[in-house]
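Accompanying notes for the structure given below.
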Amino acid sequence: MTPSDSHSTPDIHIYETLELVARDLYIKALQEIPPDVRAGLSHGLETEKCDGNQTAGRILLVILDNIRVADEQKTLVCQDTGLPIFKVLVGERLNIDIARLKESLRRGCVRATAERPLRSNTVHPLTRKHTGTNTGHGIPVIKLDVVPDSDLIEIQMAPKGSGSENMSFLKMLNPSEGVKGIKKFVLQCIFESGARPCPPMIVGIGLGGTSDVAMSLAKEASTFRHIGSRSSDPDVAKLEEELLGKINETGIGPQGLGGTTTAMAVNIEWAHTHISQNPVAVNIQCWRGERAEVVLDGNGKATWK
Amino acid sequence: MAEHTLAPPLSEVDVRKLTLEDSVLINGTVFGIRDATQIRIFDEGIQPPVDLSGSVCLHTAPGVRKLPNGKYEKLSVGTTTSTRMDRFVPGLLERYRVRALVGKGGLSQTSVDAMQKFGGVYLAIVGGAAALETMQIEEIEDVWWEDLMPECLWKFRVKNFGPLVVAIDSLGHSLYRNVQELAAERIRQFGFG
Ligand code: SF4
């Protein structure tokens with residue numbers, strides 16, 4: 001096969017389309033809670049009712065009511081418009097200019113901020129000066145990967161809120177501390193977070209790799225994995241279930257005011273690591289579990305999920 | 001666990017009746033305050049331009065739009081984490097006779113003690129539930145210290161604001177502390193203490 005047979009050239013307007021799609025993803029993620037998160041919250045409500053936790057049940061009812069109001073009135077679910085994060089999977093057969101793709105995503109965030117309008121949160125880390133556009137140096141965060149045998153662009157977008165993002169932890173444990181050390185560290189992180197990340201939360205854990213990889217895997221696990229999914233590695237899946245059980249047994253509950261629904265999910269992503277390393281990273285996502293997803297083909301046709 | 005509907009200004013007797021996990025709805029005036037507002041009051045020593053006695057104060061910096069007539073229209077009003085503003089709580093209660101603080105995330109033991117001494121409560125709102133909160137705010141009636149935008153001193157008129165959970169009462173109890181103690185105990189039982 002010649003390269004022209006195996007690669008497809010996208011529509012000339014693909015970059016404008018990407019910009020509009022990025023804008024709409026940002027706004028949708030702030031207004032519409034994903035189905036798996038809704039299901040997780042409803043399940044939490046049932047559990048609290050069964051356990052007779054009135055305060056926890058009342059809180060979950062308010063949360064579900066809030067989601068309904070946002071649906072009906074097309075308002076923001078929560079006031080924190082977050083920092084924009086994109087996860088982009090580009091099909092290897094598509095001849096796309098990555099630099100232009102990234103620029104389109106950035107512009108989409110600028111447009112969402114100006115046109116909706118959205119509160120801008122981005123500041124310089126030292127001067128704390130606002131950019132006013134929800135974009136800036138290194139923002140949006142764009143995680144990009146290439147997928148074999150595909151000519152599609154899959155995009156997930158999350159406007160990560162600060163309350164949960166501030167609950168991020170990394171520890172380079174000793175290998176001799178083993179799995180027990182991992183469990184202990186995770187439980188300590190949850191205890192320290194308490195009411196602050198707006199529980200019921202989604203707990204993302206990154207195991208292995210280097211320090212930066214562990215943190216990035218934890219973000220993937222908290223923010224882009226769906227509730228109800230399980231790791232394909234049976235040992236990891238077992239640990240996910242055990243930790244979910246233990247975290248909920250702490251009794252921290254919705255909003256840290258007591259109950260059995262402290263977490264809706266524990267998701268673990270992993271990588272192999274060095275024989276003398278045992279990195280564990282934790283990143284929390286709050287109850288709103290904000291995320292929007294779309295798939296584009298080379299003609300710019302969007303399929304919203 | 002009782003249900004109350006309150007209309008500020010509140011008296012000491014009103015708040016002393018509230019106990020942990022009671023459910024509260026508020027009608028009438030709620031003031032909005034945040035870090036910068038309280039830095040001006042306490043660190044810069046500037047008197048608030050409005051009487052706060054008996055008031056309910058919400059930890060917020062609302063998203064608003066200024067209208068041509070000078071009034072502000074609400075866009076998205078949510079609640080911020082109270083822990084950051086913990087050090088101002090005793091002053092608000094003792095000097096300005098604020099009776100209730102509404103926030104998320106809870107307050108320290110120092111604030112629990114102040115609530116007990118001066119007669120105050122902390123009402124937990126559901127963090128992140130801004131769609132509902134914005135709807136329950138009927139109007140932004142007034143604003144002072146606009147130079148601190150959006151951390152000005154705001155006066156909101158609210159209707160059935162809540163339900164809020166009494167998370168710190170005026171008897172020295174804190175639901176956060178109870179939950180933390182229980183969680184610490186459970187974690188010890190797992191052998192991870
Ligand atoms: S932690 Fe999440 S739900 Fe809570 S205020 Fe922040 S973004 Fe909103």
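So you can find residues: chains in the structure tokens are A, B, ... in the order shown, residues in each start at 1, and ligands are numbered from 1 in order.
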Taking only C-alpha atoms and all ligand atoms into account, produce a table as JSON lines in which each residue of chain A with an atom at most 8 Å from an atom of ligand 1 appears once, together with its shortest atom pair and the distance in Å to one decimal, ordered by chain and rising number.
{"residue": "A:Val77", "atom": "CA", "partner": "ligand 1", "partner_atom_place_in_ligand_line": "8 (Fe)", "distance": 7.9}
{"residue": "A:Cys78", "atom": "CA", "partner": "ligand 1", "partner_atom_place_in_ligand_line": "8 (Fe)", "distance": 4.8}
{"residue": "A:Gln79", "atom": "CA", "partner": "ligand 1", "partner_atom_place_in_ligand_line": "8 (Fe)", "distance": 6.4}
{"residue": "A:Asp80", "atom": "CA", "partner": "ligand 1", "partner_atom_place_in_ligand_line": "7 (S)", "distance": 4.9}
{"residue": "A:Thr81", "atom": "CA", "partner": "ligand 1", "partner_atom_place_in_ligand_line": "7 (S)", "distance": 7.3}
{"residue": "A:Gly82", "atom": "CA", "partner": "ligand 1", "partner_atom_place_in_ligand_line": "7 (S)", "distance": 6.7}
{"residue": "A:Lys160", "atom": "CA", "partner": "ligand 1", "partner_atom_place_in_ligand_line": "7 (S)", "distance": 6.8}
{"residue": "A:Gly161", "atom": "CA", "partner": "ligand 1", "partner_atom_place_in_ligand_line": "7 (S)", "distance": 3.7}
{"residue": "A:Ser162", "atom": "CA", "partner": "ligand 1", "partner_atom_place_in_ligand_line": "6 (Fe)", "distance": 5.5}
{"residue": "A:Gly163", "atom": "CA", "partner": "ligand 1", "partner_atom_place_in_ligand_line": "1 (S)", "distance": 3.7}
{"residue": "A:Ser164", "atom": "CA", "partner": "ligand 1", "partner_atom_place_in_ligand_line": "1 (S)", "distance": 4.6}
{"residue": "A:Glu165", "atom": "CA", "partner": "ligand 1", "partner_atom_place_in_ligand_line": "1 (S)", "distance": 7.7}
{"residue": "A:Arg196", "atom": "CA", "partner": "ligand 1", "partner_atom_place_in_ligand_line": "1 (S)", "distance": 7.0}
{"residue": "A:Pro197", "atom": "CA", "partner": "ligand 1", "partner_atom_place_in_ligand_line": "1 (S)", "distance": 4.5}
{"residue": "A:Cys198", "atom": "CA", "partner": "ligand 1", "partner_atom_place_in_ligand_line": "4 (Fe)", "distance": 4.5}
{"residue": "A:Pro199", "atom": "CA", "partner": "ligand 1", "partner_atom_place_in_ligand_line": "4 (Fe)", "distance": 8.0}
{"residue": "A:Gln285", "atom": "CA", "partner": "ligand 1", "partner_atom_place_in_ligand_line": "2 (Fe)", "distance": 7.1}
{"residue": "A:Cys286", "atom": "CA", "partner": "ligand 1", "partner_atom_place_in_ligand_line": "2 (Fe)", "distance": 4.6}
{"residue": "A:Trp287", "atom": "CA", "partner": "ligand 1", "partner_atom_place_in_ligand_line": "3 (S)", "distance": 5.8}
{"residue": "A:Arg288", "atom": "CA", "partner": "ligand 1", "partner_atom_place_in_ligand_line": "3 (S)", "distance": 5.3}
{"residue": "A:Gly289", "atom": "CA", "partner": "ligand 1", "partner_atom_place_in_ligand_line": "2 (Fe)", "distance": 7.7}
Contact residues (chain B, partner chain A, 6 Å, only C-alpha atoms) as an MDAnalysis selection string
chainID B and resid 76 78 105 127:132 179 183 186 192
Restricting the output to C-alpha atoms, write the selected residues as a short mmCIF file (atom, residue, chain, number, x, y, z; two decimals), in the first residue's frame.
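So the final result, stored in result.cif, reads:
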data_model
loop_
_atom_site.label_atom_id
_atom_site.label_comp_id
_atom_site.auth_asym_id
_atom_site.auth_seq_id
_atom_site.Cartn_x
_atom_site.Cartn_y
_atom_site.Cartn_z
CA SER B 76 -23.90 31.60 39.15
CA GLY B 78 -21.97 28.95 44.70
CA GLY B 105 -16.00 22.03 54.39
CA GLY B 127 -20.89 22.27 47.96
CA GLY B 128 -21.10 22.51 44.19
CA ALA B 129 -24.90 22.77 44.08
CA ALA B 130 -24.77 26.20 42.48
CA ALA B 131 -27.66 25.71 40.06
CA LEU B 132 -30.05 25.33 42.98
CA VAL B 179 -17.28 12.09 61.52
CA ALA B 183 -13.19 7.70 60.37
CA ARG B 186 -12.21 2.80 61.43
CA PHE B 192 -3.61 1.42 58.87
#
With a distance cut-off of 7 Å and only C-alpha atoms, select the neighbouring residues of Trp154 of chain B, excluding the residue or stretch itself and same-chain residues fewer than 6 positions from it, and output the selection as a list in words.
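Selected residues are Phe31, Gly32, Ile33, Asp142, Val143 and Trp144 of chain B.
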How about saving the chosen residues, all heavy atoms kept, as a JSON list (two decimals), in the first residue's frame?
[["chain", "number", "residue", "atom", "x", "y", "z"],
["B", 31, "PHE", "N", -26.14, 37.70, 53.85],
["B", 31, "PHE", "CA", -25.01, 38.48, 53.36],
["B", 31, "PHE", "C", -23.96, 37.55, 52.77],
["B", 31, "PHE", "O", -23.73, 36.45, 53.28],
["B", 31, "PHE", "CB", -24.39, 39.30, 54.49],
["B", 31, "PHE", "CG", -25.26, 40.44, 54.94],
["B", 31, "PHE", "CD1", -26.07, 40.32, 56.07],
["B", 31, "PHE", "CD2", -25.29, 41.63, 54.22],
["B", 31, "PHE", "CE1", -26.90, 41.36, 56.48],
["B", 31, "PHE", "CE2", -26.12, 42.68, 54.61],
["B", 31, "PHE", "CZ", -26.93, 42.55, 55.75],
["B", 32, "GLY", "N", -23.29, 37.99, 51.71],
["B", 32, "GLY", "CA", -22.20, 37.24, 51.11],
["B", 32, "GLY", "C", -20.87, 37.85, 51.50],
["B", 32, "GLY", "O", -20.68, 39.07, 51.37],
["B", 33, "ILE", "N", -19.96, 37.01, 52.01],
["B", 33, "ILE", "CA", -18.62, 37.48, 52.40],
["B", 33, "ILE", "C", -17.59, 36.47, 51.93],
["B", 33, "ILE", "O", -17.90, 35.29, 51.75],
["B", 33, "ILE", "CB", -18.49, 37.66, 53.95],
["B", 33, "ILE", "CG1", -18.85, 36.36, 54.68],
["B", 33, "ILE", "CG2", -19.33, 38.81, 54.45],
["B", 33, "ILE", "CD1", -18.56, 36.36, 56.17],
["B", 142, "ASP", "N", -28.13, 44.59, 47.40],
["B", 142, "ASP", "CA", -27.17, 45.66, 47.64],
["B", 142, "ASP", "C", -25.76, 45.10, 47.59],
["B", 142, "ASP", "O", -25.56, 43.89, 47.68],
["B", 142, "ASP", "CB", -27.41, 46.29, 49.03],
["B", 142, "ASP", "CG", -27.30, 47.81, 48.98],
["B", 142, "ASP", "OD1", -26.54, 48.30, 48.14],
["B", 142, "ASP", "OD2", -27.98, 48.47, 49.79],
["B", 143, "VAL", "N", -24.81, 46.00, 47.41],
["B", 143, "VAL", "CA", -23.41, 45.58, 47.40],
["B", 143, "VAL", "C", -22.56, 46.74, 47.94],
["B", 143, "VAL", "O", -22.84, 47.90, 47.68],
["B", 143, "VAL", "CB", -22.96, 45.16, 45.98],
["B", 143, "VAL", "CG1", -23.13, 46.29, 44.98],
["B", 143, "VAL", "CG2", -21.53, 44.66, 45.98],
["B", 144, "TRP", "N", -21.58, 46.39, 48.77],
["B", 144, "TRP", "CA", -20.63, 47.39, 49.28],
["B", 144, "TRP", "C", -19.22, 46.92, 48.94],
["B", 144, "TRP", "O", -18.96, 45.72, 48.83],
["B", 144, "TRP", "CB", -20.76, 47.53, 50.81],
["B", 144, "TRP", "CG", -22.10, 48.02, 51.25],
["B", 144, "TRP", "CD1", -22.50, 49.31, 51.42],
["B", 144, "TRP", "CD2", -23.25, 47.21, 51.60],
["B", 144, "TRP", "NE1", -23.82, 49.37, 51.83],
["B", 144, "TRP", "CE2", -24.29, 48.09, 51.94],
["B", 144, "TRP", "CE3", -23.50, 45.83, 51.61],
["B", 144, "TRP", "CZ2", -25.56, 47.65, 52.34],
["B", 144, "TRP", "CZ3", -24.76, 45.39, 51.99],
["B", 144, "TRP", "CH2", -25.77, 46.28, 52.36]]
Test item: residues at most 6 Å from Pro279 of chain A, only C-alpha atoms, excluding those fewer than 3 positions along its chain, as a ChimeraX atom specification
/A:171-173,207-208
Rows by chain and residue number, segment 49-105 of chain A within 6 Å of segment 5-26 of chain A, shortest pair, only C-alpha atoms, as JSON lines:
{"residue": "A:Arg93", "atom": "CA", "partner": "A:His7", "partner_atom": "CA", "distance": 4.4}
{"residue": "A:Leu94", "atom": "CA", "partner": "A:Ser8", "partner_atom": "CA", "distance": 5.1}
{"residue": "A:Asn95", "atom": "CA", "partner": "A:Thr9", "partner_atom": "CA", "distance": 5.2}
{"residue": "A:Ser104", "atom": "CA", "partner": "A:Glu19", "partner_atom": "CA", "distance": 4.5}
{"residue": "A:Leu105", "atom": "CA", "partner": "A:Ala22", "partner_atom": "CA", "distance": 5.3}
Atom CA of Asp86 of chain B and atom CA of Ala124 of chain B are how many Å apart?
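Between atom CA of Asp86 of chain B and atom CA of Ala124 of chain B the gap works out to 14.2 Å.
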Near Val166 of chain B, counting only C-alpha atoms, which residues have an atom at most 12 Å away, once you skip same-chain residues fewer than 4 positions from it, shown as a PDB file with N, CA, C and O atoms, in the first residue's frame?
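Output below, filename around-v3.pdb:
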ATOM      1  N   THR A  55     -29.269  12.432  57.023  1.00  0.00           N
ATOM      2  CA  THR A  55     -28.540  13.604  56.538  1.00  0.00           C
ATOM      3  C   THR A  55     -27.903  13.301  55.188  1.00  0.00           C
ATOM      4  O   THR A  55     -28.014  14.085  54.242  1.00  0.00           O
ATOM      5  N   LEU A 257     -20.267  14.755  55.996  1.00  0.00           N
ATOM      6  CA  LEU A 257     -21.171  14.894  57.147  1.00  0.00           C
ATOM      7  C   LEU A 257     -21.691  13.537  57.618  1.00  0.00           C
ATOM      8  O   LEU A 257     -22.676  13.465  58.346  1.00  0.00           O
TER       9      LEU A 257
ATOM     10  N   MET B   1     -33.921  14.944  64.810  1.00  0.00           N
ATOM     11  CA  MET B   1     -33.496  15.925  63.811  1.00  0.00           C
ATOM     12  C   MET B   1     -34.714  16.717  63.319  1.00  0.00           C
ATOM     13  O   MET B   1     -35.620  16.183  62.713  1.00  0.00           O
ATOM     14  N   ALA B   2     -34.734  18.002  63.691  1.00  0.00           N
ATOM     15  CA  ALA B   2     -35.914  18.817  63.404  1.00  0.00           C
ATOM     16  C   ALA B   2     -35.717  19.651  62.137  1.00  0.00           C
ATOM     17  O   ALA B   2     -34.599  19.770  61.650  1.00  0.00           O
ATOM     18  N   GLU B   3     -36.821  20.184  61.633  1.00  0.00           N
ATOM     19  CA  GLU B   3     -36.732  21.068  60.464  1.00  0.00           C
ATOM     20  C   GLU B   3     -37.156  22.467  60.869  1.00  0.00           C
ATOM     21  O   GLU B   3     -38.154  22.635  61.563  1.00  0.00           O
ATOM     22  N   HIS B   4     -36.384  23.465  60.460  1.00  0.00           N
ATOM     23  CA  HIS B   4     -36.665  24.852  60.843  1.00  0.00           C
ATOM     24  C   HIS B   4     -36.696  25.738  59.605  1.00  0.00           C
ATOM     25  O   HIS B   4     -35.934  25.522  58.678  1.00  0.00           O
ATOM     26  N   VAL B  15     -30.842  30.659  67.620  1.00  0.00           N
ATOM     27  CA  VAL B  15     -29.795  29.715  67.193  1.00  0.00           C
ATOM     28  C   VAL B  15     -29.479  28.679  68.265  1.00  0.00           C
ATOM     29  O   VAL B  15     -29.063  27.569  67.947  1.00  0.00           O
ATOM     30  N   ARG B  16     -29.684  29.023  69.513  1.00  0.00           N
ATOM     31  CA  ARG B  16     -29.414  28.039  70.584  1.00  0.00           C
ATOM     32  C   ARG B  16     -30.378  26.846  70.508  1.00  0.00           C
ATOM     33  O   ARG B  16     -30.134  25.809  71.098  1.00  0.00           O
ATOM     34  N   LYS B  17     -31.501  27.023  69.801  1.00  0.00           N
ATOM     35  CA  LYS B  17     -32.484  25.925  69.657  1.00  0.00           C
ATOM     36  C   LYS B  17     -32.027  24.870  68.649  1.00  0.00           C
ATOM     37  O   LYS B  17     -32.577  23.775  68.592  1.00  0.00           O
ATOM     38  N   LEU B  18     -31.065  25.238  67.814  1.00  0.00           N
ATOM     39  CA  LEU B  18     -30.684  24.339  66.720  1.00  0.00           C
ATOM     40  C   LEU B  18     -29.684  23.298  67.202  1.00  0.00           C
ATOM     41  O   LEU B  18     -28.740  23.627  67.918  1.00  0.00           O
ATOM     42  N   THR B  19     -29.914  22.050  66.818  1.00  0.00           N
ATOM     43  CA  THR B  19     -28.955  20.996  67.199  1.00  0.00           C
ATOM     44  C   THR B  19     -28.449  20.271  65.958  1.00  0.00           C
ATOM     45  O   THR B  19     -29.045  20.368  64.884  1.00  0.00           O
ATOM     46  N   LEU B  20     -27.364  19.538  66.138  1.00  0.00           N
ATOM     47  CA  LEU B  20     -26.690  18.867  65.025  1.00  0.00           C
ATOM     48  C   LEU B  20     -27.653  18.084  64.153  1.00  0.00           C
ATOM     49  O   LEU B  20     -28.518  17.387  64.661  1.00  0.00           O
ATOM     50  N   GLU B  21     -27.451  18.207  62.856  1.00  0.00           N
ATOM     51  CA  GLU B  21     -28.200  17.497  61.816  1.00  0.00           C
ATOM     52  C   GLU B  21     -29.622  18.017  61.619  1.00  0.00           C
ATOM     53  O   GLU B  21     -30.359  17.472  60.793  1.00  0.00           O
ATOM     54  N   ASP B  22     -30.001  19.084  62.343  1.00  0.00           N
ATOM     55  CA  ASP B  22     -31.282  19.722  62.031  1.00  0.00           C
ATOM     56  C   ASP B  22     -31.199  20.277  60.610  1.00  0.00           C
ATOM     57  O   ASP B  22     -30.122  20.614  60.128  1.00  0.00           O
ATOM     58  N   SER B  23     -32.364  20.380  59.981  1.00  0.00           N
ATOM     59  CA  SER B  23     -32.422  20.899  58.625  1.00  0.00           C
ATOM     60  C   SER B  23     -32.981  22.323  58.664  1.00  0.00           C
ATOM     61  O   SER B  23     -33.958  22.588  59.367  1.00  0.00           O
ATOM     62  N   VAL B  24     -32.363  23.253  57.943  1.00  0.00           N
ATOM     63  CA  VAL B  24     -32.756  24.663  58.025  1.00  0.00           C
ATOM     64  C   VAL B  24     -33.007  25.237  56.631  1.00  0.00           C
ATOM     65  O   VAL B  24     -32.233  25.002  55.701  1.00  0.00           O
ATOM     66  N   LEU B  25     -34.098  25.996  56.521  1.00  0.00           N
ATOM     67  CA  LEU B  25     -34.362  26.797  55.318  1.00  0.00           C
ATOM     68  C   LEU B  25     -34.331  28.255  55.741  1.00  0.00           C
ATOM     69  O   LEU B  25     -34.784  28.597  56.835  1.00  0.00           O
ATOM     70  N   ALA B 100     -25.188  33.147  62.182  1.00  0.00           N
ATOM     71  CA  ALA B 100     -25.022  31.893  61.436  1.00  0.00           C
ATOM     72  C   ALA B 100     -24.097  32.099  60.248  1.00  0.00           C
ATOM     73  O   ALA B 100     -24.168  33.127  59.571  1.00  0.00           O
ATOM     74  N   LEU B 101     -23.230  31.126  60.040  1.00  0.00           N
ATOM     75  CA  LEU B 101     -22.372  31.127  58.851  1.00  0.00           C
ATOM     76  C   LEU B 101     -22.785  29.950  57.989  1.00  0.00           C
ATOM     77  O   LEU B 101     -23.045  28.858  58.500  1.00  0.00           O
ATOM     78  N   VAL B 102     -22.870  30.204  56.687  1.00  0.00           N
ATOM     79  CA  VAL B 102     -23.218  29.142  55.751  1.00  0.00           C
ATOM     80  C   VAL B 102     -22.002  28.885  54.865  1.00  0.00           C
ATOM     81  O   VAL B 102     -21.449  29.825  54.289  1.00  0.00           O
ATOM     82  N   GLY B 103     -21.576  27.632  54.793  1.00  0.00           N
ATOM     83  CA  GLY B 103     -20.406  27.329  53.979  1.00  0.00           C
ATOM     84  C   GLY B 103     -20.285  25.852  53.720  1.00  0.00           C
ATOM     85  O   GLY B 103     -21.193  25.073  54.015  1.00  0.00           O
ATOM     86  N   LYS B 104     -19.120  25.481  53.143  1.00  0.00           N
ATOM     87  CA  LYS B 104     -18.855  24.052  52.955  1.00  0.00           C
ATOM     88  C   LYS B 104     -17.489  23.727  53.524  1.00  0.00           C
ATOM     89  O   LYS B 104     -16.628  24.595  53.624  1.00  0.00           O
ATOM     90  N   GLY B 106     -16.547  22.934  56.599  1.00  0.00           N
ATOM     91  CA  GLY B 106     -16.436  22.963  58.059  1.00  0.00           C
ATOM     92  C   GLY B 106     -15.453  23.981  58.600  1.00  0.00           C
ATOM     93  O   GLY B 106     -14.796  24.710  57.847  1.00  0.00           O
ATOM     94  N   GLY B 120     -23.700  30.903  68.177  1.00  0.00           N
ATOM     95  CA  GLY B 120     -23.708  30.908  66.714  1.00  0.00           C
ATOM     96  C   GLY B 120     -23.792  29.498  66.186  1.00  0.00           C
ATOM     97  O   GLY B 120     -23.585  28.539  66.936  1.00  0.00           O
ATOM     98  N   VAL B 121     -24.111  29.365  64.905  1.00  0.00           N
ATOM     99  CA  VAL B 121     -24.146  28.039  64.286  1.00  0.00           C
ATOM    100  C   VAL B 121     -23.481  28.096  62.924  1.00  0.00           C
ATOM    101  O   VAL B 121     -23.392  29.162  62.297  1.00  0.00           O
ATOM    102  N   TYR B 122     -23.016  26.915  62.503  1.00  0.00           N
ATOM    103  CA  TYR B 122     -22.481  26.765  61.149  1.00  0.00           C
ATOM    104  C   TYR B 122     -23.417  25.856  60.384  1.00  0.00           C
ATOM    105  O   TYR B 122     -23.709  24.737  60.811  1.00  0.00           O
ATOM    106  N   LEU B 123     -23.923  26.351  59.275  1.00  0.00           N
ATOM    107  CA  LEU B 123     -24.880  25.605  58.473  1.00  0.00           C
ATOM    108  C   LEU B 123     -24.194  25.145  57.199  1.00  0.00           C
ATOM    109  O   LEU B 123     -23.708  25.966  56.405  1.00  0.00           O
ATOM    110  N   ALA B 124     -24.134  23.830  57.000  1.00  0.00           N
ATOM    111  CA  ALA B 124     -23.466  23.289  55.815  1.00  0.00           C
ATOM    112  C   ALA B 124     -24.420  23.313  54.635  1.00  0.00           C
ATOM    113  O   ALA B 124     -25.558  22.853  54.717  1.00  0.00           O
ATOM    114  N   ILE B 125     -23.931  23.879  53.549  1.00  0.00           N
ATOM    115  CA  ILE B 125     -24.681  23.864  52.296  1.00  0.00           C
ATOM    116  C   ILE B 125     -24.050  22.768  51.444  1.00  0.00           C
ATOM    117  O   ILE B 125     -22.911  22.381  51.693  1.00  0.00           O
ATOM    118  N   VAL B 126     -24.753  22.259  50.452  1.00  0.00           N
ATOM    119  CA  VAL B 126     -24.149  21.233  49.605  1.00  0.00           C
ATOM    120  C   VAL B 126     -23.196  21.916  48.630  1.00  0.00           C
ATOM    121  O   VAL B 126     -23.618  22.693  47.771  1.00  0.00           O
ATOM    122  N   GLY B 162     -31.723  26.563  50.903  1.00  0.00           N
ATOM    123  CA  GLY B 162     -31.341  25.336  51.586  1.00  0.00           C
ATOM    124  C   GLY B 162     -31.834  24.118  50.837  1.00  0.00           C
ATOM    125  O   GLY B 162     -32.079  24.213  49.642  1.00  0.00           O
ATOM    126  N   SER B 170     -24.460  25.486  68.770  1.00  0.00           N
ATOM    127  CA  SER B 170     -23.942  26.448  69.757  1.00  0.00           C
ATOM    128  C   SER B 170     -23.686  25.765  71.103  1.00  0.00           C
ATOM    129  O   SER B 170     -23.528  26.423  72.116  1.00  0.00           O
ATOM    130  N   LEU B 171     -23.663  24.415  71.081  1.00  0.00           N
ATOM    131  CA  LEU B 171     -23.462  23.677  72.329  1.00  0.00           C
ATOM    132  C   LEU B 171     -22.104  22.978  72.349  1.00  0.00           C
ATOM    133  O   LEU B 171     -21.848  22.109  73.172  1.00  0.00           O
ATOM    134  N   HIS B 173     -20.864  21.182  69.776  1.00  0.00           N
ATOM    135  CA  HIS B 173     -20.832  19.971  68.943  1.00  0.00           C
ATOM    136  C   HIS B 173     -20.472  20.295  67.501  1.00  0.00           C
ATOM    137  O   HIS B 173     -20.910  21.311  66.966  1.00  0.00           O
ATOM    138  N   SER B 174     -19.711  19.390  66.902  1.00  0.00           N
ATOM    139  CA  SER B 174     -19.391  19.536  65.488  1.00  0.00           C
ATOM    140  C   SER B 174     -19.571  18.193  64.802  1.00  0.00           C
ATOM    141  O   SER B 174     -18.971  17.192  65.195  1.00  0.00           O
ATOM    142  N   LEU B 175     -20.403  18.199  63.772  1.00  0.00           N
ATOM    143  CA  LEU B 175     -20.638  16.977  63.014  1.00  0.00           C
ATOM    144  C   LEU B 175     -19.357  16.552  62.293  1.00  0.00           C
ATOM    145  O   LEU B 175     -19.058  15.366  62.178  1.00  0.00           O
ATOM    146  N   TYR B 176     -18.577  17.553  61.823  1.00  0.00           N
ATOM    147  CA  TYR B 176     -17.301  17.234  61.146  1.00  0.00           C
ATOM    148  C   TYR B 176     -16.377  16.488  62.101  1.00  0.00           C
ATOM    149  O   TYR B 176     -15.731  15.518  61.727  1.00  0.00           O
TER     150      TYR B 176
END
Neighbour list for Ser168 of chain A as a list of chain:residue names, cut-off 7 Å, only C-alpha atoms, skip fewer than 2 positions in-chain
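Once the nearby chain positions are removed, what remains is A:Glu165, A:Asn166, A:Val282, A:Asn283, A:Ile284.
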Residue set, segment 4-42 of chain B restricted to strand (DSSP E), as a PyMOL selection string:
chain B and resi 4-6+23-33
Find the residues near Gln136 of chain B: any atom within 10 Å, counting only C-alpha atoms, skip ones fewer than 2 places away on the same chain, and give them as a PyMOL selection string.
chain B and resi 26-27+77+130-134+138-139+156-162
Considering only C-alpha atoms, can you say which of B:Val89, B:Ile187, B:Met135, B:Leu153 comes closest to Gln109 of chain B?
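Looking only at the distances to Gln109 of chain B, the closest residue turns out to be B:Val89.
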